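Right, one structure below, let's go through it.
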Amino acid sequence: GESVGLHLPTLSVQEGDNSIINCAYSNSASDYFIWYKQESGKGPQFIIDIRSNMDKRQGQRVTVLLNKTVKHLSLQIAATQPGDSAVYFCAENSFGNQFYFGTGTSLTVIP
Amino acid sequence: DTGVSQDPRHKITKRGQNVTFRCDPISEHNRLYWYRQTLGQGPEFLTYFQNEAQLEKSRLLSDRFSAERPKGSFSTLEIQRTEQGDSAMYLCASSLGRRGASTDTQYFGPGTRLTVL
């Protein structure tokens with residue numbers, strides 16, 4: 001499944017499928033990006049980060065891709081599990097310690 | 001569990017009252033942040049501390065809002081004369097603040113949900 005975070009804020013995938021969550025960031029000067037997962041009633045949880053000198057970074061079951069040319073960030077989750085159901089936010093930083101968060105994409109995993 | 005704790009978890013107050021929230025960061029973290037999050041939106045930056053010094057403040061932080069971190073450990077966020085528009089989740093985050101690193105990963109607490117009646 002695939003979504004554009006700002007235009008299609010809801011994504012439903014079957015358990016075991018791969019998920020792709022997209023984020024279009026706004027500031028071409030942003031050089032550090034983080035993906036967060038937020039479950040209902042909890043604070044955002046760090047998933048993975050990437051700096052602008054990289055195009056791709058992999059973690060455990062997650063991969064972040066950065067395309068600076070079109071200011072696009074994506075989060076790929078392999079073999080999606082029910083516990084992955086949450087809202088996912090991308091956050092960008094360009095100066096100081098202020099991070100700007102996108103609207104978020106709600107991921108629902110269907111068992 | 002990120003290690004950042006916030007108290008209280010929920011607060012209901014009447015318009016015009018003052019409220020104060022507390023954040024205890026991860027113990028070795030030098031940097032502490034406050035954010036506000038409304039339903040369906042991402043967190044919005046409010047302010048940031050490096051140790052006890054408040055270094056950045058958002059334009060969102062009106063003069064009714066004040067934050068302190070007197071000993072460089074826990075922090076408080078006070079809202080005076082609350083308004084219904086202040087209803088939101090108030091999130092605290094902390095980061096290590098490595099020497100030479102301009103930014104580093106922020107770890108969030110569970111938040112304090114404020115409801116102003």
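Residues in the structure tokens are numbered from 1 in each chain, the chains being A, B, ... in the order shown, and ligands are numbered from 1 in the order shown.
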How close does each residue of chain A get to chain B, giving the shortest atom pair and distance in Å to one decimal for every residue with an atom at most 7 Å away, counting only C-alpha atoms, sorted by chain and residue number, as a tab-separated table?
```
residue	atom	partner	partner_atom	distance
A:Lys42	CA	B:Pro110	CA	4.8
A:Gly43	CA	B:Pro110	CA	4.3
A:Pro44	CA	B:Phe108	CA	5.9
A:Gln45	CA	B:Phe108	CA	6.6
A:Phe46	CA	B:Tyr107	CA	6.6
A:Phe89	CA	B:Gly42	CA	6.9
A:Gly96	CA	B:Ser102	CA	6.6
A:Asn97	CA	B:Thr103	CA	5.7
A:Gln98	CA	B:Phe45	CA	6.3
A:Phe99	CA	B:Phe45	CA	6.8
A:Tyr100	CA	B:Glu44	CA	6.9
A:Phe101	CA	B:Gly42	CA	5.3
A:Gly102	CA	B:Gly42	CA	5.8
A:Thr103	CA	B:Gln41	CA	5.1
A:Gly104	CA	B:Gly42	CA	6.3
```
Just N, CA and C atoms for this one: save the residues we selected as a compact mmCIF listing (two decimals), in the first residue's frame.
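The file below, again_11.txt, is the result:
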```
# COMPACT_ATOMS: atom_id res chain seq x y z
N LYS A 42 -0.59 8.23 23.28
CA LYS A 42 0.84 8.21 23.61
C LYS A 42 1.57 9.31 22.86
N GLY A 43 2.78 9.61 23.34
CA GLY A 43 3.62 10.56 22.63
C GLY A 43 4.27 9.91 21.42
N PRO A 44 4.77 10.71 20.49
CA PRO A 44 5.46 10.16 19.32
C PRO A 44 6.67 9.34 19.71
N GLN A 45 6.87 8.25 18.98
CA GLN A 45 7.99 7.34 19.24
C GLN A 45 8.93 7.37 18.05
N PHE A 46 10.21 7.62 18.31
CA PHE A 46 11.22 7.65 17.25
C PHE A 46 11.28 6.32 16.52
N PHE A 89 4.31 10.30 11.53
CA PHE A 89 4.65 11.68 11.21
C PHE A 89 6.08 11.75 10.69
N GLY A 96 18.59 25.36 14.01
CA GLY A 96 18.38 25.26 15.44
C GLY A 96 17.77 23.94 15.82
N ASN A 97 16.93 23.97 16.80
CA ASN A 97 16.32 22.73 17.30
C ASN A 97 14.82 22.68 17.11
N GLN A 98 14.31 23.48 16.17
CA GLN A 98 12.89 23.42 15.87
C GLN A 98 12.63 22.38 14.79
N PHE A 99 11.78 21.44 15.11
CA PHE A 99 11.35 20.46 14.13
C PHE A 99 9.93 20.79 13.70
N TYR A 100 9.67 20.64 12.41
CA TYR A 100 8.33 20.88 11.88
C TYR A 100 7.74 19.56 11.44
N PHE A 101 6.58 19.27 11.97
CA PHE A 101 5.93 18.00 11.72
C PHE A 101 4.89 18.12 10.63
N GLY A 102 4.76 17.08 9.81
CA GLY A 102 3.69 17.00 8.84
C GLY A 102 2.38 16.65 9.53
N THR A 103 1.32 16.56 8.73
CA THR A 103 0.00 16.27 9.25
C THR A 103 -0.11 14.85 9.78
N GLY A 104 0.59 13.94 9.19
CA GLY A 104 0.53 12.56 9.65
C GLY A 104 -0.29 11.68 8.75
```
Give me, as a tab-separated table, each residue of segment 13-52 of chain A that comes within 9 Å of segment 67-86 of chain A, together with its shortest interatomic pair and the distance in Å at one decimal, counting only C-alpha atoms, with rows ordered by chain and rising residue number.
```
residue	atom	partner	partner_atom	distance
A:Val13	CA	A:Thr80	CA	7.7
A:Gln14	CA	A:Thr80	CA	7.5
A:Glu15	CA	A:Gln81	CA	5.4
A:Gly16	CA	A:Ala79	CA	4.2
A:Asp17	CA	A:Ala79	CA	5.1
A:Asn18	CA	A:Ala78	CA	4.6
A:Ser19	CA	A:Ile77	CA	5.0
A:Ile20	CA	A:Gln76	CA	4.5
A:Ile21	CA	A:Leu75	CA	5.1
A:Asn22	CA	A:Ser74	CA	4.4
A:Cys23	CA	A:Leu73	CA	5.0
A:Ala24	CA	A:His72	CA	4.6
A:Tyr25	CA	A:Lys71	CA	5.6
A:Ser26	CA	A:Lys71	CA	7.0
A:Asn27	CA	A:Lys71	CA	7.8
A:Ser28	CA	A:Lys71	CA	6.7
A:Phe33	CA	A:Leu73	CA	8.4
A:Trp35	CA	A:Leu75	CA	7.5
A:Lys37	CA	A:Ala86	CA	6.3
A:Gln38	CA	A:Ala86	CA	5.6
A:Glu39	CA	A:Ala86	CA	4.8
A:Ser40	CA	A:Ala86	CA	7.2
A:Ile48	CA	A:Leu75	CA	8.9
A:Ser52	CA	A:Lys68	CA	7.5
```
Selection export as a tab-separated table (two decimals), in the first residue's frame, atoms kept: N, CA, C and O atoms:
```tsv
chain	number	residue	atom	x	y	z
A	13	VAL	N	-3.56	-1.61	5.08
A	13	VAL	CA	-2.79	-2.67	4.43
A	13	VAL	C	-3.11	-4.01	5.10
A	13	VAL	O	-3.48	-4.05	6.28
A	14	GLN	N	-2.91	-5.06	4.35
A	14	GLN	CA	-3.07	-6.39	4.90
A	14	GLN	C	-1.83	-6.77	5.70
A	14	GLN	O	-0.70	-6.41	5.31
A	15	GLU	N	-2.04	-7.47	6.77
A	15	GLU	CA	-0.92	-7.97	7.56
A	15	GLU	C	0.02	-8.77	6.66
A	15	GLU	O	-0.41	-9.61	5.87
A	16	GLY	N	1.30	-8.49	6.79
A	16	GLY	CA	2.30	-9.20	6.01
A	16	GLY	C	2.72	-8.45	4.75
A	16	GLY	O	3.79	-8.72	4.21
A	17	ASP	N	1.87	-7.52	4.29
A	17	ASP	CA	2.25	-6.71	3.13
A	17	ASP	C	3.25	-5.63	3.54
A	17	ASP	O	3.43	-5.35	4.72
A	18	ASN	N	3.87	-5.03	2.54
A	18	ASN	CA	4.75	-3.89	2.80
A	18	ASN	C	3.93	-2.59	2.74
A	18	ASN	O	2.98	-2.48	1.97
A	19	SER	N	4.30	-1.63	3.57
A	19	SER	CA	3.63	-0.33	3.60
A	19	SER	C	4.59	0.75	3.16
A	19	SER	O	5.79	0.68	3.46
A	20	ILE	N	4.07	1.73	2.45
A	20	ILE	CA	4.86	2.89	2.08
A	20	ILE	C	4.08	4.14	2.49
A	20	ILE	O	2.95	4.35	2.05
A	21	ILE	N	4.69	4.94	3.32
A	21	ILE	CA	4.09	6.19	3.77
A	21	ILE	C	4.94	7.32	3.24
A	21	ILE	O	6.16	7.32	3.40
A	22	ASN	N	4.30	8.28	2.60
A	22	ASN	CA	5.02	9.37	1.96
A	22	ASN	C	4.84	10.69	2.69
A	22	ASN	O	3.85	10.91	3.39
A	23	CYS	N	5.82	11.54	2.50
A	23	CYS	CA	5.79	12.85	3.14
A	23	CYS	C	6.46	13.85	2.21
A	23	CYS	O	7.59	13.62	1.76
A	24	ALA	N	5.76	14.95	1.91
A	24	ALA	CA	6.33	16.02	1.11
A	24	ALA	C	6.72	17.13	2.07
A	24	ALA	O	5.85	17.74	2.69
A	25	TYR	N	7.99	17.38	2.23
A	25	TYR	CA	8.40	18.43	3.16
A	25	TYR	C	8.51	19.76	2.48
A	25	TYR	O	8.55	19.85	1.25
A	26	SER	N	8.56	20.81	3.27
A	26	SER	CA	8.34	22.14	2.70
A	26	SER	C	9.61	22.96	2.50
A	26	SER	O	9.64	23.82	1.60
A	27	ASN	N	10.64	22.72	3.29
A	27	ASN	CA	11.79	23.61	3.30
A	27	ASN	C	12.99	22.95	2.61
A	27	ASN	O	13.52	21.96	3.11
A	28	SER	N	13.43	23.53	1.52
A	28	SER	CA	14.56	22.95	0.80
A	28	SER	C	15.86	23.00	1.61
A	28	SER	O	16.82	22.30	1.31
A	33	PHE	N	15.87	14.73	9.09
A	33	PHE	CA	14.49	14.28	9.05
A	33	PHE	C	14.31	13.08	9.97
A	33	PHE	O	15.20	12.23	10.10
A	35	TRP	N	11.27	10.13	11.26
A	35	TRP	CA	9.94	9.52	11.23
A	35	TRP	C	9.58	9.10	12.64
A	35	TRP	O	10.37	8.46	13.34
A	37	LYS	N	6.31	7.43	15.10
A	37	LYS	CA	5.08	6.64	15.18
A	37	LYS	C	4.35	7.07	16.44
A	37	LYS	O	4.95	7.17	17.51
A	38	GLN	N	3.05	7.35	16.30
A	38	GLN	CA	2.28	7.76	17.46
A	38	GLN	C	1.04	6.90	17.59
A	38	GLN	O	0.17	6.92	16.72
A	39	GLU	N	0.98	6.17	18.68
A	39	GLU	CA	-0.20	5.37	18.99
A	39	GLU	C	-1.17	6.22	19.82
A	39	GLU	O	-0.76	7.19	20.47
A	40	SER	N	-2.40	5.83	19.80
A	40	SER	CA	-3.45	6.60	20.47
A	40	SER	C	-3.13	6.79	21.95
A	40	SER	O	-2.82	5.83	22.67
A	48	ILE	N	13.09	6.19	12.91
A	48	ILE	CA	14.32	6.23	12.13
A	48	ILE	C	14.56	7.66	11.69
A	48	ILE	O	13.62	8.44	11.55
A	52	SER	N	20.59	14.84	5.35
A	52	SER	CA	20.44	15.16	3.93
A	52	SER	C	21.61	14.69	3.09
A	52	SER	O	21.52	14.73	1.86
```
Two-atom distance - atom CA of Asp24 of chain B, atom CA of Phe74 of chain B (Å):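 Separation between atom CA of Asp24 of chain B and atom CA of Phe74 of chain B: 4.5 Å.
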Atomic distance atom CA of Tyr32 of chain A - atom CA of Thr105 of chain A, expressed in Å with one decimal: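 Result for atom CA of Tyr32 of chain A versus atom CA of Thr105 of chain A: 19.7 Å, one decimal.
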d(atom CA of Phe21 of chain B, atom CA of Ala67 of chain B) in Å: 9.4 Å
Per-residue DSSP, segment 12-53 of chain A, filtered to strand (DSSP E), as a ChimeraX atom specification: /A:12-14,19-24,32-38,45-51
Distance query Asp86 of chain B at most 9 Å, only C-alpha atoms, self and fewer than 3 positions along chain excluded, as a ChimeraX atom specification: /B:79,82-83,114-116
